[in-house]
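Colleague: What follows is target-v7.txt, compact mmCIF, C-alpha atoms and all ligand atoms.
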# COMPACT_ATOMS: atom_id res chain seq x y z
CA MET J 886 96.11 -11.93 -79.15
CA LEU J 887 95.52 -11.70 -82.85
CA ASP J 888 96.70 -9.98 -85.94
CA GLY J 889 93.74 -7.80 -86.67
CA GLY J 890 91.87 -7.25 -83.42
CA GLY J 891 91.37 -3.80 -82.01
CA ASN J 892 89.09 -0.78 -82.14
CA ASP J 893 90.02 0.56 -85.55
CA ASP J 894 86.84 2.60 -86.07
CA GLN J 895 88.12 5.43 -83.89
CA SER J 896 89.78 8.57 -85.29
CA SER J 897 93.27 8.20 -86.71
CA ARG J 898 94.80 11.34 -85.20
CA ARG J 899 98.39 11.47 -83.93
CA LEU J 900 99.17 11.15 -80.20
CA SER J 901 99.86 14.43 -78.41
CA ALA J 902 103.08 14.96 -76.38
CA GLU J 903 101.03 14.63 -73.16
CA GLU J 904 99.49 11.37 -74.29
CA LYS J 905 102.90 9.97 -75.18
CA ALA J 906 104.24 10.92 -71.75
CA GLU J 907 101.27 9.19 -70.12
CA LEU J 908 101.64 6.05 -72.20
CA VAL J 909 105.32 5.48 -71.36
CA LYS J 910 104.34 5.35 -67.69
CA ILE J 911 102.01 2.42 -68.38
CA ALA J 912 104.05 0.06 -70.56
CA GLN J 913 107.15 -0.25 -72.71
CA VAL J 914 106.59 1.94 -75.81
CA ARG J 915 108.54 2.81 -78.94
CA PHE J 916 107.24 5.64 -81.10
CA ASP J 917 107.41 5.61 -84.92
CA GLU J 918 108.42 1.97 -84.87
CA ASP J 919 109.09 0.46 -88.30
CA MET J 920 106.66 -2.45 -88.69
CA ALA J 921 108.59 -4.43 -91.33
CA PRO J 922 110.73 -6.30 -88.75
CA HIS J 923 107.54 -7.20 -86.87
CA THR J 924 105.91 -9.00 -89.81
CA THR J 925 107.05 -12.19 -91.50
CA LEU J 926 106.55 -10.61 -94.94
CA SER J 927 108.89 -7.80 -93.81
CA VAL J 928 107.00 -4.89 -95.32
CA GLY J 929 105.16 -1.94 -93.83
CA GLY J 930 105.65 1.60 -92.56
CA PRO J 931 105.90 2.84 -88.96
CA ALA J 932 103.40 2.45 -86.13
CA ASP J 933 102.79 5.67 -84.19
CA ALA J 934 103.26 3.77 -80.92
CA PHE J 935 104.41 0.16 -80.59
CA VAL J 936 103.43 -1.00 -77.10
CA GLU J 937 104.91 -4.13 -75.53
CA ILE J 938 102.69 -5.50 -72.80
CA ALA J 939 104.19 -7.65 -70.06
CA ASN J 940 101.12 -8.74 -68.07
CA GLU J 941 97.34 -8.49 -67.67
CA ALA J 942 97.51 -5.42 -65.40
CA GLU J 943 99.46 -3.50 -68.05
CA LEU J 944 97.08 -4.65 -70.75
CA LYS J 945 94.09 -3.40 -68.74
CA ALA J 946 95.77 -0.01 -68.21
CA VAL J 947 96.67 0.36 -71.90
CA LEU J 948 93.13 -0.53 -73.02
CA ALA J 949 91.71 2.01 -70.55
CA PHE J 950 94.12 4.64 -71.93
CA ALA J 951 93.03 3.90 -75.51
CA GLU J 952 89.34 3.99 -74.60
CA THR J 953 89.55 7.24 -72.64
CA LYS J 954 91.64 9.07 -75.22
CA LYS J 955 89.74 7.54 -78.15
CA ILE J 956 92.95 6.29 -79.71
CA PRO J 957 92.67 3.29 -82.06
CA TYR J 958 94.64 0.15 -81.28
CA PHE J 959 95.60 -2.83 -83.35
CA ILE J 960 96.62 -6.12 -81.74
CA LEU J 961 99.63 -7.69 -83.37
CA GLY J 962 100.29 -11.39 -82.90
CA SER J 963 103.55 -12.55 -84.43
CA GLY J 964 102.86 -10.63 -87.63
CA SER J 965 102.64 -13.72 -89.80
CA ASN J 966 99.23 -13.08 -91.31
CA VAL J 967 99.31 -9.33 -91.58
CA LEU J 968 100.26 -6.93 -94.36
CA VAL J 969 101.04 -3.42 -93.10
CA ARG J 970 100.70 -0.71 -95.74
CA ASP J 971 103.71 1.52 -96.46
CA GLY J 972 102.30 4.56 -94.63
CA GLY J 973 102.21 2.60 -91.36
CA ILE J 974 99.63 2.35 -88.58
CA ARG J 975 98.05 5.29 -86.76
CA GLY J 976 97.40 4.87 -83.05
CA LEU J 977 98.70 1.98 -80.95
CA VAL J 978 100.02 -1.42 -81.96
CA LEU J 979 99.74 -3.75 -78.98
CA CYS J 980 102.11 -6.67 -78.69
CA LEU J 981 101.75 -9.15 -75.81
CA LYS J 982 104.98 -10.47 -74.28
CA ALA J 983 106.36 -12.82 -71.61
CA ASP J 984 103.43 -13.49 -69.29
CA PHE J 985 101.27 -14.42 -72.24
CA ALA J 986 103.57 -17.10 -73.68
CA GLY J 987 103.19 -19.96 -71.18
CA CYS J 988 101.97 -23.53 -71.70
CA GLN J 989 100.90 -26.17 -69.19
CA ILE J 990 98.80 -29.27 -68.68
CA VAL J 991 95.91 -28.27 -66.42
CA GLU J 992 93.93 -31.50 -66.27
CA GLU J 993 93.93 -35.12 -67.42
CA ARG J 994 90.54 -36.79 -67.64
CA ASP J 995 90.09 -40.30 -69.10
CA ALA J 996 91.89 -40.20 -72.45
CA ASP J 997 91.91 -36.40 -72.64
CA VAL J 998 94.72 -34.03 -71.70
CA PHE J 999 93.73 -30.37 -71.29
CA VAL J 1000 96.47 -27.89 -72.17
CA GLN J 1001 96.37 -24.16 -71.49
CA ALA J 1002 98.47 -22.11 -73.91
CA GLY J 1003 99.12 -18.36 -73.82
CA SER J 1004 98.16 -16.23 -76.80
CA ALA J 1005 101.71 -14.99 -77.41
CA LEU J 1006 103.14 -18.52 -77.50
CA GLY J 1007 104.65 -19.26 -80.93
CA THR J 1008 102.76 -22.00 -82.75
CA MET J 1009 105.87 -24.04 -83.52
CA LYS J 1010 106.99 -23.85 -79.88
CA PHE J 1011 103.55 -25.06 -78.80
CA LEU J 1012 103.64 -27.96 -81.28
CA ARG J 1013 107.12 -29.09 -80.24
CA TRP J 1014 106.14 -28.85 -76.56
CA CYS J 1015 103.10 -31.09 -77.29
CA ASN J 1016 105.37 -33.58 -79.10
CA ASP J 1017 107.71 -33.64 -76.09
CA GLN J 1018 104.77 -34.27 -73.75
CA GLY J 1019 103.70 -37.25 -75.88
CA LEU J 1020 100.42 -35.70 -77.00
CA THR J 1021 98.41 -35.83 -80.20
CA GLY J 1022 95.69 -33.64 -81.71
CA HIS J 1023 97.85 -30.52 -82.00
CA GLU J 1024 99.03 -31.67 -85.46
CA VAL J 1025 96.13 -29.78 -87.07
CA LEU J 1026 98.43 -26.74 -86.72
CA THR J 1027 101.57 -28.35 -88.14
CA GLY J 1028 103.67 -25.80 -90.00
CA VAL J 1029 101.21 -22.98 -89.39
CA PRO J 1030 103.21 -19.85 -88.61
CA GLY J 1031 102.34 -17.30 -85.94
CA CYS J 1032 101.20 -17.60 -82.36
CA ILE J 1033 98.26 -19.16 -80.53
CA GLY J 1034 96.24 -15.91 -80.38
CA GLY J 1035 96.52 -15.33 -84.11
CA ASN J 1036 95.71 -18.99 -84.78
CA ILE J 1037 92.50 -18.66 -82.77
CA ALA J 1038 91.39 -15.44 -84.47
CA THR J 1039 91.91 -16.97 -87.91
CA ASN J 1040 90.91 -20.56 -86.97
CA ALA J 1041 94.21 -21.60 -88.51
CA GLY J 1042 94.61 -25.07 -89.90
CA THR J 1043 95.98 -27.47 -92.45
CA HIS J 1044 94.52 -30.19 -94.62
CA VAL J 1045 94.33 -32.48 -91.55
CA GLY J 1046 92.11 -30.14 -89.55
CA GLN J 1047 91.73 -26.77 -87.94
CA LEU J 1048 92.24 -25.22 -84.53
CA SER J 1049 88.51 -25.38 -83.71
CA ASP J 1050 88.75 -29.21 -83.81
CA VAL J 1051 90.88 -29.17 -80.64
CA VAL J 1052 90.14 -25.93 -78.78
CA GLU J 1053 87.67 -25.98 -75.86
CA GLU J 1054 87.57 -22.40 -74.62
CA VAL J 1055 89.31 -19.05 -74.99
CA ARG J 1056 90.09 -16.49 -72.26
CA VAL J 1057 89.77 -12.87 -73.35
CA MET J 1058 90.00 -9.35 -71.94
CA SER J 1059 87.32 -6.95 -73.16
CA ALA J 1060 88.10 -3.39 -74.24
CA GLU J 1061 86.81 -2.37 -70.78
CA GLY J 1062 89.37 -4.63 -69.09
CA LYS J 1063 86.98 -7.40 -68.02
CA ILE J 1064 88.29 -10.96 -68.26
CA SER J 1065 85.96 -13.75 -69.36
CA THR J 1066 86.09 -17.29 -70.68
CA LEU J 1067 84.29 -18.01 -73.95
CA ARG J 1068 83.27 -21.56 -74.76
CA LYS J 1069 84.05 -22.82 -78.25
CA LYS J 1070 80.40 -22.64 -79.32
CA ALA J 1071 80.18 -18.94 -78.48
CA LEU J 1072 83.07 -18.20 -80.85
CA HIS J 1073 81.24 -19.48 -83.96
CA PHE J 1074 84.33 -20.90 -85.61
CA ASP J 1075 84.19 -21.26 -89.37
CA TYR J 1076 86.77 -21.75 -92.12
CA ARG J 1077 89.65 -19.38 -91.20
CA GLN J 1078 87.50 -17.19 -88.97
CA CYS J 1079 85.74 -16.86 -85.64
CA LYS J 1080 83.52 -14.25 -84.00
CA LEU J 1081 85.22 -12.44 -81.15
CA PRO J 1082 83.63 -9.55 -79.26
CA LYS J 1083 84.87 -6.26 -80.75
CA GLY J 1084 88.01 -4.81 -79.21
CA CYS J 1085 88.72 -7.84 -77.02
CA VAL J 1086 92.19 -9.30 -76.63
CA ILE J 1087 92.82 -13.04 -76.53
CA LEU J 1088 94.78 -14.05 -73.42
CA SER J 1089 94.96 -17.84 -73.65
CA ALA J 1090 93.22 -20.95 -74.93
CA LEU J 1091 92.39 -24.37 -73.55
CA PHE J 1092 93.05 -27.32 -75.85
CA ARG J 1093 91.73 -30.87 -75.55
CA LEU J 1094 94.48 -33.24 -76.69
CA GLN J 1095 95.21 -36.95 -76.14
CA ARG J 1096 98.14 -39.05 -74.99
CA VAL J 1097 99.90 -41.18 -77.56
CA ALA J 1098 102.37 -44.07 -77.20
CA ALA J 1099 105.95 -42.79 -76.76
CA GLU J 1100 107.16 -44.23 -80.10
CA GLU J 1101 104.30 -42.45 -81.92
CA ALA J 1102 104.90 -39.01 -80.35
CA GLY J 1103 105.80 -36.40 -82.95
CA LYS J 1104 105.58 -38.87 -85.86
CA LYS J 1105 102.54 -37.30 -87.53
CA PHE J 1106 104.01 -33.84 -86.96
CA ARG J 1107 107.29 -34.78 -88.66
CA GLU J 1108 105.51 -36.28 -91.68
CA LEU J 1109 103.38 -33.15 -92.11
CA MET J 1110 106.41 -30.88 -91.76
CA GLU J 1111 108.20 -32.80 -94.53
CA ARG J 1112 105.19 -32.34 -96.79
CA ARG J 1113 105.07 -28.64 -96.02
CA LYS J 1114 108.79 -28.20 -96.71
CA ALA J 1115 108.36 -29.92 -100.06
CA THR J 1116 105.39 -27.84 -101.20
CA GLN J 1117 105.79 -24.36 -99.66
CA PRO J 1118 108.50 -21.66 -99.74
CA ILE J 1119 109.08 -21.85 -95.99
CA GLN J 1120 112.63 -20.47 -96.15
CA GLU J 1121 111.47 -17.22 -97.75
CA GLN J 1122 109.81 -14.15 -96.24
CA SER J 1123 106.05 -14.45 -96.69
CA SER J 1124 102.69 -14.21 -94.95
CA GLY J 1125 101.78 -17.82 -95.70
CA CYS J 1126 98.71 -18.24 -97.88
CA MET J 1127 97.43 -14.87 -99.07
CA PHE J 1128 93.93 -16.06 -100.04
CA LYS J 1129 91.39 -18.43 -98.49
CA ASN J 1130 90.59 -21.57 -100.39
CA ALA J 1131 87.37 -21.44 -102.37
CA GLY J 1132 85.40 -24.21 -100.71
CA LYS J 1133 87.30 -27.40 -101.47
CA ILE J 1134 89.32 -25.79 -104.28
CA SER J 1135 92.85 -24.71 -103.36
CA ALA J 1136 93.39 -21.01 -104.04
CA GLY J 1137 97.03 -21.90 -104.80
CA LYS J 1138 95.90 -24.30 -107.53
CA LEU J 1139 93.61 -21.63 -109.04
CA ILE J 1140 96.41 -19.03 -109.05
CA ASP J 1141 98.79 -21.58 -110.54
CA GLU J 1142 96.29 -22.50 -113.28
CA ALA J 1143 95.91 -18.80 -114.10
CA GLY J 1144 99.63 -18.89 -115.02
CA LEU J 1145 100.77 -16.47 -112.33
CA LYS J 1146 103.67 -18.32 -110.66
CA GLY J 1147 106.91 -16.33 -110.77
CA ILE J 1148 105.27 -12.99 -111.62
CA ARG J 1149 107.03 -10.06 -109.94
CA VAL J 1150 106.15 -6.53 -108.99
CA GLY J 1151 109.17 -4.70 -107.55
CA LYS J 1152 110.72 -7.13 -105.08
CA ALA J 1153 107.51 -9.08 -104.44
CA ARG J 1154 106.97 -12.33 -106.33
CA ILE J 1155 104.30 -15.00 -106.60
CA SER J 1156 106.09 -18.10 -105.38
CA ASP J 1157 107.05 -20.87 -107.80
CA ALA J 1158 106.74 -23.42 -104.99
CA HIS J 1159 103.13 -22.56 -104.03
CA ALA J 1160 101.17 -19.93 -105.94
CA ASN J 1161 99.17 -18.79 -102.90
CA PHE J 1162 102.36 -17.40 -101.34
CA ILE J 1163 103.77 -13.98 -102.22
CA VAL J 1164 107.42 -13.78 -101.20
CA ASN J 1165 109.56 -10.75 -100.42
CA GLU J 1166 112.83 -11.06 -102.31
CA GLY J 1167 114.33 -8.28 -100.18
CA GLY J 1168 113.08 -4.71 -99.91
CA ALA J 1169 109.56 -5.26 -101.28
CA LYS J 1170 106.96 -2.58 -100.55
CA ALA J 1171 103.41 -3.28 -99.36
CA LYS J 1172 102.32 -1.49 -102.54
CA ASP J 1173 104.03 -4.21 -104.66
CA VAL J 1174 102.29 -6.98 -102.72
CA LEU J 1175 98.91 -5.26 -103.03
CA ILE J 1176 99.33 -4.91 -106.80
CA LEU J 1177 100.09 -8.64 -107.04
CA MET J 1178 97.06 -9.46 -104.90
CA GLY J 1179 94.85 -7.36 -107.18
CA LEU J 1180 96.28 -9.10 -110.23
CA ILE J 1181 95.66 -12.53 -108.68
CA LYS J 1182 92.01 -11.70 -107.94
CA GLU J 1183 91.45 -10.35 -111.43
CA ARG J 1184 93.13 -13.23 -113.30
CA VAL J 1185 91.54 -16.00 -111.20
CA LYS J 1186 88.14 -14.41 -111.75
CA GLN J 1187 88.76 -14.29 -115.51
CA ASN J 1188 90.22 -17.78 -115.69
CA ALA J 1189 88.09 -19.78 -113.25
CA HIS J 1190 85.15 -17.47 -112.48
CA VAL J 1191 86.04 -17.63 -108.78
CA VAL J 1192 86.25 -14.52 -106.58
CA LEU J 1193 89.07 -15.15 -104.11
CA GLU J 1194 88.82 -13.77 -100.59
CA GLN J 1195 92.03 -12.60 -98.94
CA GLU J 1196 93.27 -14.49 -95.87
CA VAL J 1197 95.95 -11.99 -94.94
CA ILE J 1198 94.80 -8.98 -92.86
CA VAL J 1199 95.70 -5.68 -94.50
CA VAL J 1200 96.17 -2.74 -92.10
CA GLY J 1201 97.49 0.80 -92.02
CA GLU J 1202 97.65 3.64 -94.48
CA ASP J 1203 99.15 4.08 -97.91
CA GLU J 1204 102.38 6.06 -98.07
CA ASN J 1205 100.68 9.14 -99.57
CA ALA J 1206 98.09 9.22 -96.76
CA LYS J 1207 100.91 9.50 -94.20
CA ASP J 1208 102.66 12.32 -96.08
CA SER J 1209 99.49 14.38 -96.36
CA LYS J 1210 98.92 14.49 -92.53
N1 LIG A 1301 98.46 -26.80 -105.92
C1 LIG A 1301 98.84 -26.47 -107.20
N2 LIG A 1301 99.64 -25.37 -107.39
C2 LIG A 1301 100.03 -24.57 -106.35
C3 LIG A 1301 99.61 -24.91 -105.05
C4 LIG A 1301 98.82 -26.03 -104.85
O1 LIG A 1301 98.51 -27.15 -108.17
O2 LIG A 1301 100.75 -23.60 -106.60
C5 LIG A 1301 97.66 -28.02 -105.72
C6 LIG A 1301 98.45 -29.09 -105.00
O3 LIG A 1301 99.22 -29.85 -105.89
C7 LIG A 1301 97.36 -29.90 -104.32
C8 LIG A 1301 96.27 -28.86 -104.03
O4 LIG A 1301 96.55 -27.75 -104.88
O5 LIG A 1301 96.84 -30.84 -105.21
C9 LIG A 1301 96.25 -28.43 -102.56
O6 LIG A 1301 97.53 -27.87 -102.21
P1 LIG A 1301 98.09 -27.90 -100.71
O7 LIG A 1301 98.12 -29.28 -100.19
O8 LIG A 1301 99.34 -27.10 -100.70
O9 LIG A 1301 96.97 -27.19 -99.87
P2 LIG A 1301 96.31 -25.77 -100.00
O10 LIG A 1301 94.83 -25.99 -99.97
O11 LIG A 1301 96.84 -25.00 -101.16
C10 LIG A 1301 96.12 -25.42 -97.43
C11 LIG A 1301 96.27 -24.24 -96.49
C12 LIG A 1301 97.71 -24.06 -96.09
C13 LIG A 1301 98.23 -25.36 -95.47
C14 LIG A 1301 98.10 -26.46 -96.54
C15 LIG A 1301 98.63 -27.82 -96.11
C16 LIG A 1301 94.63 -22.51 -97.00
C17 LIG A 1301 94.35 -21.23 -97.72
N3 LIG A 1301 95.85 -23.03 -97.16
O12 LIG A 1301 96.76 -25.06 -98.65
O13 LIG A 1301 97.73 -23.06 -95.10
O14 LIG A 1301 99.58 -25.23 -95.09
O15 LIG A 1301 96.70 -26.59 -96.86
O16 LIG A 1301 97.88 -28.36 -95.11
O17 LIG A 1301 93.76 -23.02 -96.29
C18 LIG A 1301 98.13 -20.75 -94.56
O18 LIG A 1301 96.98 -20.76 -94.08
O19 LIG A 1301 98.88 -19.76 -94.50
C19 LIG A 1301 98.58 -21.96 -95.24
C20 LIG A 1301 99.70 -21.98 -95.92
Have the structure of the file written as structure tokens, please.
Ligand code: EPU

Modeller:
Amino acid sequence: MLDGGGNDDQSSRRLSAEEKAELVKIAQVRFDEDMAPHTTLSVGGPADAFVEIANEAELKAVLAFAETKKIPYFILGSGSNVLVRDGGIRGLVLCLKADFAGCQIVEERDADVFVQAGSALGTMKFLRWCNDQGLTGHEVLTGVPGCIGGNIATNAGTHVGQLSDVVEEVRVMSAEGKISTLRKKALHFDYRQCKLPKGCVILSALFRLQRVAAEEAGKKFRELMERRKATQPIQEQSSGCMFKNAGKISAGKLIDEAGLKGIRVGKARISDAHANFIVNEGGAKAKDVLILMGLIKERVKQNAHVVLEQEVIVVGEDENAKDSK
């Protein structure tokens, strides 16, 4: 599961009454669902159909429905790295639930412990579970928001490493409903990205971790969390870092040096704690955030001659596009 997967090149027409009736028979659906509560930045207009998927059989049926009817779908993880425009999302937003949020040790071999984690499992839950099991290696994700599926799709990480350092393989369902296991090499992980087959949905991942002495368990995690609390606005509504770092240069540092901390548009503000975060002070619109992102790109280019690439995935339509349909 990822923020950003799907088949978004299909037409963006509205669902007919018959299609809606068919869809509710397959899975739990809410129509015209406001997306703001489903994203950590808390902005965004309504999704035509917000589909909660309980298990693999339901997922297969929903994907078949979307393929047959040529309806686009967008896979939402925990909405922590996604900016939904104010006009909302046409087609289906798929959100994986219960069956996809498990975690278990599947094998121990020599010093290695292999852990299978579901794509809908929250990253922090996964990390705490690993601490409790006395494992190490998972700390590369310390403080990263979101869920395992989203972390895979974006090869999430911190300054101590990235997910691809500890993942072995990923189980996916194709748009045609076929389940397969992709080895790490086939996913071509790179800085904050990987190559997944188009339209596929991440189901789970296998991690290779190690055992650590009981008194050491969780120590590295706690140190990294303290650092994160001290340097990032973790109590505020945000999407984490908005831009990718430029090689070894922190995008936050570049934005800071361009003098942009504290700048506001509407209720969106460039954080004073870390300049690569845009925070929602309450009631911000996606439009405000997008204006700030444009300003950041322009000023950093002027100031440091660096073209920043956005990390956050921007989806949906502008407000005017929705009104004109
Ligand atoms: N810095 C500034 N001003 C700022 C922000 C940072 O001068 O406003 C400086 C810091 O003082 C430090 C350097 O830039 O010297 C690096 O800062 P930091 O340690 O915060 O790391 P980062 O490169 O800005 C990356 C990840 C974060 C992750 C941190 C900590 C990216 C785009 N960001 O930030 O990930 O939490 O390392 O490991 O890779 C995210 O992906 O959403 C995210 C927040």

Colleague: Return as lines of an AutoDock Vina configuration file the box centre and box size in Å, one decimal, for an axis-aligned box around all listed atoms of ligand LIG 1301 (chain A) padded by 4 Å per side.

Modeller:
center_x = 97.3
center_y = -25.3
center_z = -101.1
size_x = 15.0
size_y = 19.1
size_z = 22.1

Colleague: Check the smallest atom-to-atom distance from each of J:Gly1201, J:Gly1019, J:Gly1147, J:Gly1003 to ligand LIG 1301 (chain A) using all atoms listed in the file, then report the winner.

Modeller: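 Once distances to ligand LIG 1301 (chain A) are computed over all atoms listed in the file, the minimum belongs to J:Gly1147.
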
Colleague: Between J:Ile911, J:Ala1099, J:Thr925, J:Gly1028, which residue has the minimum interatomic distance to Glu1111 of chain J, considering only C-alpha atoms?

Modeller: J:Gly1028

Colleague: Go through J:Asp1173, J:Asp1141, J:Glu1202, J:Glu1024 one by one, measure the shortest atom-to-atom distance of each to ligand LIG 1301 (chain A) using all atoms listed in the file, and give the residue with the smallest value.

Modeller: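 Distance minimum relative to ligand LIG 1301 (chain A) lands on J:Asp1141.
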
Colleague: If we count all atoms listed in the file and set the cut-off at 10 Å, which residues sit around Glu993 of chain J, ignoring sequence neighbours fewer than 2 positions away in its own chain? Please answer as a list in words.

Modeller: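 After dropping sequence-adjacent residues, the list is Ile990, Val991, Asp995, Ala996, Asp997, Val998, Phe999, Val1000, Arg1093, Leu1094, Gln1095 and Arg1096 of chain J.
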
Colleague: Write a file of the selected residues as a JSON list (two decimals), in the frame of the given file, keeping C-alpha atoms.

Modeller:
[["chain", "number", "residue", "atom", "x", "y", "z"],
["J", 990, "ILE", "CA", 98.80, -29.27, -68.68],
["J", 991, "VAL", "CA", 95.91, -28.27, -66.42],
["J", 995, "ASP", "CA", 90.09, -40.30, -69.10],
["J", 996, "ALA", "CA", 91.89, -40.20, -72.45],
["J", 997, "ASP", "CA", 91.91, -36.40, -72.64],
["J", 998, "VAL", "CA", 94.72, -34.03, -71.70],
["J", 999, "PHE", "CA", 93.73, -30.37, -71.29],
["J", 1000, "VAL", "CA", 96.47, -27.89, -72.17],
["J", 1093, "ARG", "CA", 91.73, -30.87, -75.55],
["J", 1094, "LEU", "CA", 94.48, -33.24, -76.69],
["J", 1095, "GLN", "CA", 95.21, -36.95, -76.14],
["J", 1096, "ARG", "CA", 98.14, -39.05, -74.99]]

Colleague: Which value, in Å to one decimal, gives the distance between atom CA of Gly1062 of chain J and atom CA of Pro1082 of chain J?

Modeller: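 Distance reported for this atom pair: 12.7 Å.
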
Colleague: What would the list of residues within 7 Å of (105.6, 1.8, -85.7) (file frame) look like as a PyMOL selection string, if only C-alpha atoms are what count?

Modeller: chain J and resi 916-920+930-935+973-974

Colleague: For each of J:Asn1205, J:Asn1036, J:Gln1120, J:Asn940, take the minimum atom-to-atom distance to ligand LIG 1301 (chain A), counting only C-alpha atoms and all ligand atoms, then give the residue where this is smallest.

Modeller: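 Closest candidate: J:Asn1036.
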
Colleague: Which residues come within 10 Å of Ile1181 of chain J, counting all atoms listed in the file, excluding same-chain residues fewer than 4 positions away, as a list in words?

Modeller: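 So, after excluding close chain neighbours, the residues are Phe1128, Ala1136, Leu1139, Ile1140, Asp1141, Ala1143, Gly1144, Leu1145, Ile1155, Ala1160, Asn1161, Leu1175, Ile1176, Leu1177, Val1185, Lys1186, Gln1187, Val1192 and Leu1193 of chain J.
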
Colleague: Any idea what the distance is between atom CA of Arg1068 of chain J and atom CA of Lys1080 of chain J?

Modeller: 11.8 Å

Colleague: Counting all atoms listed in the file, which residues sit no farther than 10 Å from the position (103.7, 5.6, -79.1) in the file's frame? I'd like them as a list in words.

Modeller: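 The distance filter leaves exactly Arg899, Leu900, Ser901, Ala902, Glu904, Lys905, Ala906, Glu907, Leu908, Val909, Gln913, Val914, Arg915, Phe916, Asp917, Glu918, Ala932, Asp933, Ala934, Phe935, Val936, Arg975, Gly976, Leu977 and Val978 of chain J.
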
Colleague: From the list J:Glu1054, J:Asp984, J:Asp1075, J:Asp971, which residue is nearest ligand LIG 1301 (chain A) when using all atoms listed in the file?

Modeller: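 The answer is J:Asp1075, which sits nearest to ligand LIG 1301 (chain A).
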
Colleague: What does the distance from atom CA of Lys1063 of chain J to atom CA of Cys1085 of chain J come to in Å, to one decimal?

Modeller: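 Atom CA of Cys1085 of chain J lies 9.2 Å from atom CA of Lys1063 of chain J.
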
Colleague: Write out as a PyMOL selection string which residues come within 9 Å of segment 1041-1045 of chain J when counting only C-alpha atoms, dropping same-chain ones fewer than 4 positions away.

Modeller: chain J and resi 1024-1029+1035-1037+1049+1076-1078

Colleague: Using only C-alpha atoms for the distances, tell me which of J:His923, J:Arg1184, J:Lys1172, J:Arg1154 is nearest to Gly964 of chain J.

Modeller: J:His923

Colleague: For Glu1101 of chain J, work out the shell of residues within 12 Å, counting only C-alpha atoms and skipping chain neighbours fewer than 5 positions away, then give it as a list of chain:residue names.

Modeller: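 The filter keeps J:Asn1016, J:Asp1017, J:Gln1018, J:Gly1019, J:Leu1020, J:Thr1021, J:Arg1096, J:Phe1106, J:Arg1107, J:Glu1108.
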
Colleague: Any idea what's packed within 10 Å of His1023 of chain J, counting only C-alpha atoms, ignoring anything in its chain fewer than 4 positions away? Could you give it as an MDAnalysis selection string?

Modeller: chainID J and resid 1008 1011:1013 1015:1016 1027 1046:1048 1050:1052 1092:1095 1103 1105:1106
